[in-house]
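Trainee: Structure below; questions to follow.
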Amino acid sequence: MRQGRTPNHREQKVDQRGFRRRRSLDTLVIGAGISGLAYAHGRGADARLLVVEASDSAGGWVHTERGVWDDERSELRYERGPEALQAASPEALALFSGLALELVPAPRSARKRFLLHRGALVALPRSPLSCLSTPLLSWGGKLRLLGEFRRDPRIALGGSLAEFVRHRLGPETVETLLDPFVSGVWAGDPEQLSLRATFPDLARMVEEQGSLTRALLRRKRGGAAPAAPGLCKPRGGMGSLTRALAESLGPRLRLSTPVESLRREGARFHAIAGAESFDCARVVVATSARAAAELLAEASPEASRELATLRCESLAGVIHAWPRERVAHPLDGFGYLVPSREQRLHLGTLFSSSIDPDCAPRGTVLLRTLLGGARHPEVVEMSDRELLAVVEREVGPLLGLRGEPPWTRVLRYRSVLPRYDLAHPARLETVDRALMRSPGLHLLGNYRRGIGVPALIEAGSALAREHARGEAQPPGPEGGLDPAG
Ligand SMILES: Cc1cc2nc3c(=O)[nH]c(=O)nc-3n(C[C@H](O)[C@H](O)[C@H](O)COP(=O)(O)OP(=O)(O)OC[C@H]3O[C@@H](n4cnc5c(N)ncnc54)[C@H](O)[C@@H]3O)c2cc1C
């Protein structure tokens, strides 16, 4: 979707001698992923802001793509990033209803999840009672879960996620349940991830209530209800959300406009993007950590240096469509995850057409296999042929896939999911301190406090509310010419 001009921003044309157009505005938002879009939308229709996006489409990873199936007679719809929302937060629900977007709950059957266990797919227990009968844990492992409330609440709160779960729930739970869960959400390794950075609530529950069991029982007695319809997605795919947000911005969103440099000029900022430059009172950098580290090199060198130390996981995704009769598995679930000890290159497979039956024509199933992550970072460099061969070798026997898939797409995600490692809490504190010394500069993104879409909507909306409250901004200076050289 291409956007037009911004009528409310003062503008001067490119000078014959190669001078840049210089625009003056209140807020420049860099990046039109869900973080930047949620922020801009939250500022309201009257805010004097401009969102600039490097690529030719809005949405970042939240983007739905289309493919042709069956000699162009029908269409497949697949997700570039998130497959669905696990549970929309109140903030996300308000956003959907404000945009008049319909949230479609996944069929009940799609809520079942599988785990690869000793070479076969086993359904995850969905109630405390089924925990007792599941073959996923030994009796010793199950008894260890029951003893959680007796574990010392002062231990393992400052270390890794694996250390915390090992201490409270036992090593078997780490290997069997935590490890695949972490690779499913973060494409990461629980031994490397910080408890405080990934699940601060868990640490708080233990600190305040003495044990997870006690905290969960109290929460249940208190009647805390889930915020949303559970697993769901907007009609038409996840991209409907970012498309509607982009449309609501109209000419205040500019695509194909990568910001190349950002520097402070007194109390304001000056950003350069191709033949244009922007002079603004406030900048919201809503990009990946890597892009933010580059952009902040001049405007906040300290924050830039810290962000440059953050490692991010890379993945490959293979989307494959099949005639239903060539897949033996009932696909009665969300998909399956693979623990490290099963020693596979793939992390799991999502049953996309079970989650959203409208994404593929009747009689066709769509699957998405994710590979690599922290366990096998080299996978992202494999050729398409090699990746398809891994899917055939590893996924084929698990789902009973027969023959070659008639339709495939390979996606590569380089340095996409931030690793909230043990240094992350201190890293974020340093970044926050640097930002406090740089009024008008703000950061949003999945390296801050949560990688999930609901958390990013919440963070963007909260910052927008804060800025809207302090809206009494002094008017910006008149535009001027800036030599392009
Ligand atoms: C394969 C995959 C599966 C996922 N599954 C889930 C899931 O099931 N549930 C869930 O909640 N989350 C999921 N996530 C995570 C979630 O999608 C991301 O954390 C989220 O989309 C990040 O949004 P963002 O706006 O912060 O960043 P991005 O989506 O990265 O957007 C940043 C934007 O900034 C732009 N940009 C960068 N540099 C510049 C520049 N110099 N100038 C202008 N623009 C610039 C980029 O082009 C991009 O559009 C998944 C992610 C991936 C990759």
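Each chain in the structure tokens gets a letter, A, B and so on, in the order shown; residues start at 1 in every chain, and ligands are counted from 1 in the order they appear.
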Mind the document's chain letters and residue numbers, and return as a VMD selection string the residues of segment 195-413 of chain A that DSSP labels strand (DSSP E).

Mentor: chain A and resid 232 to 234 253 to 254 261 to 265 268 to 273 276 to 285 312 to 323 335 to 337 346 to 350 364 to 372 407 to 413

Trainee: As a list in words, please: the residues near Ala246 of chain A (cut-off 10 Å, only C-alpha atoms, same-chain neighbours under 2 positions excluded).

Mentor: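 Counting only the stated atoms, we get Met1, Gln3, Ala32, Gly33, Ile34, Leu37, Ala38, Ala40, His41, Val51, Ser57, Ala58, Gly59, Ser240, Leu241, Thr242, Arg243, Ala244, Ser248, Leu249, Gly250, Pro251, Arg252, Leu253 and Arg254 of chain A.
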
Trainee: Please dump the current selection as a short mmCIF file (atom, residue, chain, number, x, y, z; two decimals), in the first residue's frame; keep N, CA and C atoms.

Mentor:
data_model
loop_
_atom_site.label_atom_id
_atom_site.label_comp_id
_atom_site.auth_asym_id
_atom_site.auth_seq_id
_atom_site.Cartn_x
_atom_site.Cartn_y
_atom_site.Cartn_z
N MET A 1 0.84 -1.18 0.00
CA MET A 1 0.00 0.00 0.00
C MET A 1 0.88 1.24 0.00
N GLN A 3 1.49 5.25 0.29
CA GLN A 3 0.83 6.37 0.94
C GLN A 3 1.16 7.68 0.25
N ALA A 32 7.28 0.87 10.95
CA ALA A 32 5.83 0.64 10.95
C ALA A 32 5.52 -0.83 11.17
N GLY A 33 6.22 -1.45 12.15
CA GLY A 33 5.81 -2.76 12.63
C GLY A 33 4.65 -2.53 13.61
N ILE A 34 4.25 -3.59 14.29
CA ILE A 34 3.11 -3.44 15.21
C ILE A 34 3.44 -2.42 16.31
N LEU A 37 3.10 1.15 14.76
CA LEU A 37 1.72 1.39 14.34
C LEU A 37 0.81 1.57 15.55
N ALA A 38 1.00 0.72 16.57
CA ALA A 38 0.15 0.82 17.77
C ALA A 38 0.38 2.17 18.45
N ALA A 40 1.42 5.03 16.97
CA ALA A 40 0.88 6.12 16.15
C ALA A 40 -0.64 6.14 16.24
N HIS A 41 -1.25 4.97 16.19
CA HIS A 41 -2.71 4.91 16.29
C HIS A 41 -3.17 5.44 17.64
N VAL A 51 4.92 8.50 10.42
CA VAL A 51 5.56 7.19 10.59
C VAL A 51 6.33 6.90 9.31
N SER A 57 6.03 -2.14 2.59
CA SER A 57 4.74 -2.50 3.18
C SER A 57 4.82 -2.29 4.69
N ALA A 58 3.65 -2.04 5.28
CA ALA A 58 3.62 -1.82 6.73
C ALA A 58 3.38 -3.15 7.45
N GLY A 59 3.69 -3.19 8.73
CA GLY A 59 3.36 -4.37 9.54
C GLY A 59 4.56 -5.10 10.12
N SER A 240 -4.41 -8.35 8.74
CA SER A 240 -5.57 -7.45 8.75
C SER A 240 -5.39 -6.38 9.81
N LEU A 241 -4.74 -6.76 10.90
CA LEU A 241 -4.53 -5.80 12.00
C LEU A 241 -3.60 -4.67 11.54
N THR A 242 -2.43 -5.05 11.03
CA THR A 242 -1.47 -4.00 10.67
C THR A 242 -1.95 -3.22 9.44
N ARG A 243 -2.71 -3.89 8.56
CA ARG A 243 -3.25 -3.17 7.39
C ARG A 243 -4.25 -2.11 7.85
N ALA A 244 -5.13 -2.49 8.79
CA ALA A 244 -6.13 -1.53 9.27
C ALA A 244 -5.44 -0.38 10.01
N SER A 248 -5.55 3.52 8.87
CA SER A 248 -6.08 4.57 9.76
C SER A 248 -5.11 5.76 9.82
N LEU A 249 -3.85 5.53 9.49
CA LEU A 249 -2.89 6.64 9.52
C LEU A 249 -2.93 7.47 8.24
N GLY A 250 -3.42 6.87 7.18
CA GLY A 250 -3.51 7.61 5.90
C GLY A 250 -2.17 8.17 5.50
N PRO A 251 -2.14 9.46 5.13
CA PRO A 251 -0.88 10.04 4.64
C PRO A 251 0.16 10.27 5.75
N ARG A 252 -0.20 9.96 6.97
CA ARG A 252 0.80 10.11 8.04
C ARG A 252 1.73 8.89 8.11
N LEU A 253 1.57 7.96 7.18
CA LEU A 253 2.50 6.82 7.09
C LEU A 253 3.22 6.91 5.74
N ARG A 254 4.52 6.79 5.76
CA ARG A 254 5.29 6.87 4.52
C ARG A 254 6.12 5.59 4.40
#

Trainee: Neighbours of ligand 1 within 6 Å, counting only C-alpha atoms and all ligand atoms, as a PyMOL selection string?

Mentor: chain A and resi 30-36+52-55+59-62+81-85+257-260+286-288+291+416+445-446+451-453

Trainee: Tell me which protein, DNA and RNA residues are within 12 Å of segment 105-108 of chain A, counting only C-alpha atoms, leaving out same-chain ones fewer than 5 positions away, and put them as a ChimeraX atom specification.

Mentor: /A:83-88,113,228-235,237,332-334,351-358

Trainee: In terms of the shortest atom-to-atom distance over only C-alpha atoms, which of A:Asp26, A:Leu371, A:Gln343, A:Trp69 is closest to Ala47 of chain A?

Mentor: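 Once distances to Ala47 of chain A are computed over only C-alpha atoms, the minimum belongs to A:Asp26.
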
Trainee: Give one line per residue of segment 362-415 of chain A that approaches segment 161-185 of chain A to at most 10 Å, naming the two atoms of the closest pair and their distance in Å to one decimal, counting only C-alpha atoms; sort by chain then ascending residue number and deliver it as a tab-separated table.

Mentor:
residue	atom	partner	partner_atom	distance
A:Leu370	CA	A:Gly184	CA	8.8
A:Leu371	CA	A:Ser183	CA	9.9
A:Gly372	CA	A:Ser183	CA	9.4
A:Gly373	CA	A:Ser183	CA	7.3
A:Ala374	CA	A:Ser183	CA	8.0
A:Arg375	CA	A:Ser183	CA	8.5

Trainee: Using the selection just defined, write its residues with N, CA and C atoms as a CSV table (one decimal), in the first residue's frame.

Mentor:
chain,number,residue,atom,x,y,z
A,370,LEU,N,9.0,-24.5,11.5
A,370,LEU,CA,10.1,-23.6,11.9
A,370,LEU,C,11.3,-24.3,12.2
A,371,LEU,N,12.5,-23.8,11.8
A,371,LEU,CA,13.7,-24.6,12.0
A,371,LEU,C,14.8,-23.6,12.5
A,372,GLY,N,15.7,-24.2,13.2
A,372,GLY,CA,16.9,-23.4,13.6
A,372,GLY,C,16.9,-22.8,15.0
A,373,GLY,N,16.8,-21.5,15.1
A,373,GLY,CA,16.9,-20.9,16.4
A,373,GLY,C,18.2,-21.1,17.1
A,374,ALA,N,18.2,-20.9,18.4
A,374,ALA,CA,19.5,-20.9,19.2
A,374,ALA,C,20.1,-22.3,19.1
A,375,ARG,N,19.3,-23.3,18.9
A,375,ARG,CA,19.8,-24.7,18.8
A,375,ARG,C,20.7,-24.9,17.6

Trainee: Might you pull out every residue within 10 Å of Ser438 of chain A, with only C-alpha atoms counted and same-chain residues fewer than 6 positions away left off, and present them as a list in words?

Mentor: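 Within the cut-off, the hits are Arg264, Ala267, Ala299, Ser300 and Asp432 of chain A.
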
Trainee: Go ahead and save the picked residues with C-alpha atoms, as an mmCIF file, in the first residue's frame.

Mentor:
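What follows is the written file again_25.cif:
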data_model
loop_
_atom_site.group_PDB
_atom_site.id
_atom_site.type_symbol
_atom_site.label_atom_id
_atom_site.label_comp_id
_atom_site.auth_asym_id
_atom_site.auth_seq_id
_atom_site.Cartn_x
_atom_site.Cartn_y
_atom_site.Cartn_z
ATOM 1 C CA ARG A 264 20.243 15.654 18.131
ATOM 2 C CA ALA A 267 16.364 20.304 21.990
ATOM 3 C CA ALA A 299 21.682 10.466 19.085
ATOM 4 C CA SER A 300 22.446 8.185 22.064
ATOM 5 C CA ASP A 432 16.635 3.453 30.177
#

Trainee: Write out as a compact mmCIF listing (two decimals) with C-alpha atoms, in the first residue's frame each polymer residue whose atoms come within 12 Å of Gly266 of chain A, counting only C-alpha atoms; drop sequence neighbours fewer than 6 positions from it.

Mentor:
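And here's result_8.txt as it stands now:
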# COMPACT_ATOMS: atom_id res chain seq x y z
CA ASP A 279 13.28 18.12 12.06
CA CYS A 280 11.25 17.00 15.06
CA ALA A 281 10.72 17.51 18.77
CA ALA A 299 21.68 10.47 19.09
CA SER A 438 18.00 12.26 26.10
CA PRO A 439 14.55 13.90 26.41
CA GLY A 440 12.31 13.41 23.41

Trainee: Tell me, in Å to one decimal, how far atom CA of Pro125 of chain A is from atom CA of Gly159 of chain A.

Mentor: 27.7 Å

Trainee: Kindly give the distance, in Å, that separates atom CA of Val431 of chain A and atom CA of Ser24 of chain A, rounded to a single decimal.

Mentor: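 So the answer is 27.1 Å.
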
Trainee: Find the residues around Glu298 of chain A up to 12 Å (only C-alpha atoms counted), leave out those fewer than 2 positions away in its own chain, and share them as a PDB file with N, CA and C atoms, in the first residue's frame.

Mentor:
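Full text of result_3.pdb as output:
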ATOM      1  N   GLU A 260      18.290   7.021   7.555  1.00  0.00           N
ATOM      2  CA  GLU A 260      19.719   6.650   7.486  1.00  0.00           C
ATOM      3  C   GLU A 260      20.505   7.195   8.657  1.00  0.00           C
ATOM      4  N   SER A 261      20.078   8.348   9.154  1.00  0.00           N
ATOM      5  CA  SER A 261      20.815   8.878  10.296  1.00  0.00           C
ATOM      6  C   SER A 261      19.898   9.728  11.157  1.00  0.00           C
ATOM      7  N   LEU A 262      20.279   9.794  12.414  1.00  0.00           N
ATOM      8  CA  LEU A 262      19.476  10.525  13.388  1.00  0.00           C
ATOM      9  C   LEU A 262      20.440  11.227  14.321  1.00  0.00           C
ATOM     10  N   ARG A 263      20.270  12.533  14.475  1.00  0.00           N
ATOM     11  CA  ARG A 263      21.142  13.199  15.434  1.00  0.00           C
ATOM     12  C   ARG A 263      20.375  14.287  16.172  1.00  0.00           C
ATOM     13  N   ARG A 264      20.889  14.615  17.339  1.00  0.00           N
ATOM     14  CA  ARG A 264      20.243  15.654  18.131  1.00  0.00           C
ATOM     15  C   ARG A 264      20.755  17.008  17.674  1.00  0.00           C
ATOM     16  N   GLU A 265      19.828  17.969  17.629  1.00  0.00           N
ATOM     17  CA  GLU A 265      20.219  19.361  17.342  1.00  0.00           C
ATOM     18  C   GLU A 265      19.580  20.217  18.411  1.00  0.00           C
ATOM     19  N   PHE A 269      15.486  16.942  17.114  1.00  0.00           N
ATOM     20  CA  PHE A 269      16.209  15.873  16.415  1.00  0.00           C
ATOM     21  C   PHE A 269      16.170  16.135  14.918  1.00  0.00           C
ATOM     22  N   HIS A 270      17.190  15.621  14.264  1.00  0.00           N
ATOM     23  CA  HIS A 270      17.250  15.761  12.823  1.00  0.00           C
ATOM     24  C   HIS A 270      17.491  14.375  12.228  1.00  0.00           C
ATOM     25  N   ALA A 271      16.551  13.934  11.386  1.00  0.00           N
ATOM     26  CA  ALA A 271      16.669  12.591  10.792  1.00  0.00           C
ATOM     27  C   ALA A 271      16.765  12.730   9.283  1.00  0.00           C
ATOM     28  N   ALA A 292      17.865  -0.305  15.728  1.00  0.00           N
ATOM     29  CA  ALA A 292      17.885   0.794  16.715  1.00  0.00           C
ATOM     30  C   ALA A 292      19.328   1.112  17.111  1.00  0.00           C
ATOM     31  N   ALA A 293      20.147   0.078  17.280  1.00  0.00           N
ATOM     32  CA  ALA A 293      21.549   0.308  17.665  1.00  0.00           C
ATOM     33  C   ALA A 293      22.234   1.169  16.604  1.00  0.00           C
ATOM     34  N   GLU A 294      21.947   0.900  15.340  1.00  0.00           N
ATOM     35  CA  GLU A 294      22.567   1.694  14.268  1.00  0.00           C
ATOM     36  C   GLU A 294      22.029   3.124  14.259  1.00  0.00           C
ATOM     37  N   LEU A 295      20.716   3.241  14.399  1.00  0.00           N
ATOM     38  CA  LEU A 295      20.103   4.580  14.331  1.00  0.00           C
ATOM     39  C   LEU A 295      20.530   5.482  15.477  1.00  0.00           C
ATOM     40  N   LEU A 296      20.812   4.880  16.637  1.00  0.00           N
ATOM     41  CA  LEU A 296      21.103   5.693  17.824  1.00  0.00           C
ATOM     42  C   LEU A 296      22.582   6.051  17.967  1.00  0.00           C
ATOM     43  N   SER A 300      22.242   8.715  20.711  1.00  0.00           N
ATOM     44  CA  SER A 300      22.446   8.185  22.064  1.00  0.00           C
ATOM     45  C   SER A 300      23.481   7.058  22.000  1.00  0.00           C
ATOM     46  N   PRO A 301      24.771   7.419  21.972  1.00  0.00           N
ATOM     47  CA  PRO A 301      25.806   6.401  21.775  1.00  0.00           C
ATOM     48  C   PRO A 301      25.784   5.314  22.847  1.00  0.00           C
ATOM     49  N   GLU A 302      25.418   5.685  24.063  1.00  0.00           N
ATOM     50  CA  GLU A 302      25.434   4.690  25.139  1.00  0.00           C
ATOM     51  C   GLU A 302      24.341   3.628  24.910  1.00  0.00           C
ATOM     52  N   ALA A 303      23.125   4.099  24.590  1.00  0.00           N
ATOM     53  CA  ALA A 303      22.040   3.145  24.312  1.00  0.00           C
ATOM     54  C   ALA A 303      22.416   2.306  23.095  1.00  0.00           C
ATOM     55  N   SER A 304      23.012   2.931  22.110  1.00  0.00           N
ATOM     56  CA  SER A 304      23.405   2.231  20.888  1.00  0.00           C
ATOM     57  C   SER A 304      24.399   1.099  21.204  1.00  0.00           C
ATOM     58  N   ARG A 305      25.413   1.425  22.029  1.00  0.00           N
ATOM     59  CA  ARG A 305      26.418   0.407  22.375  1.00  0.00           C
ATOM     60  C   ARG A 305      25.774  -0.771  23.109  1.00  0.00           C
ATOM     61  N   SER A 438      18.230  11.819  27.472  1.00  0.00           N
ATOM     62  CA  SER A 438      17.995  12.259  26.104  1.00  0.00           C
ATOM     63  C   SER A 438      16.502  12.541  25.896  1.00  0.00           C
TER      64      SER A 438
END

Trainee: Got a sec: who's within 12 Å of Leu345 of chain A, counting only C-alpha atoms, leaving out chain neighbours fewer than 2 positions off, as number ranges by chain?

Mentor: A: 183, 187, 315-317, 337-343, 347-349, 369-380, 382, 386-395

Trainee: Quick one, how far is atom CA of Tyr336 of chain A from atom CA of Leu350 of chain A?

Mentor: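 Straight-line distance from atom CA of Tyr336 of chain A to atom CA of Leu350 of chain A works out to 6.6 Å.
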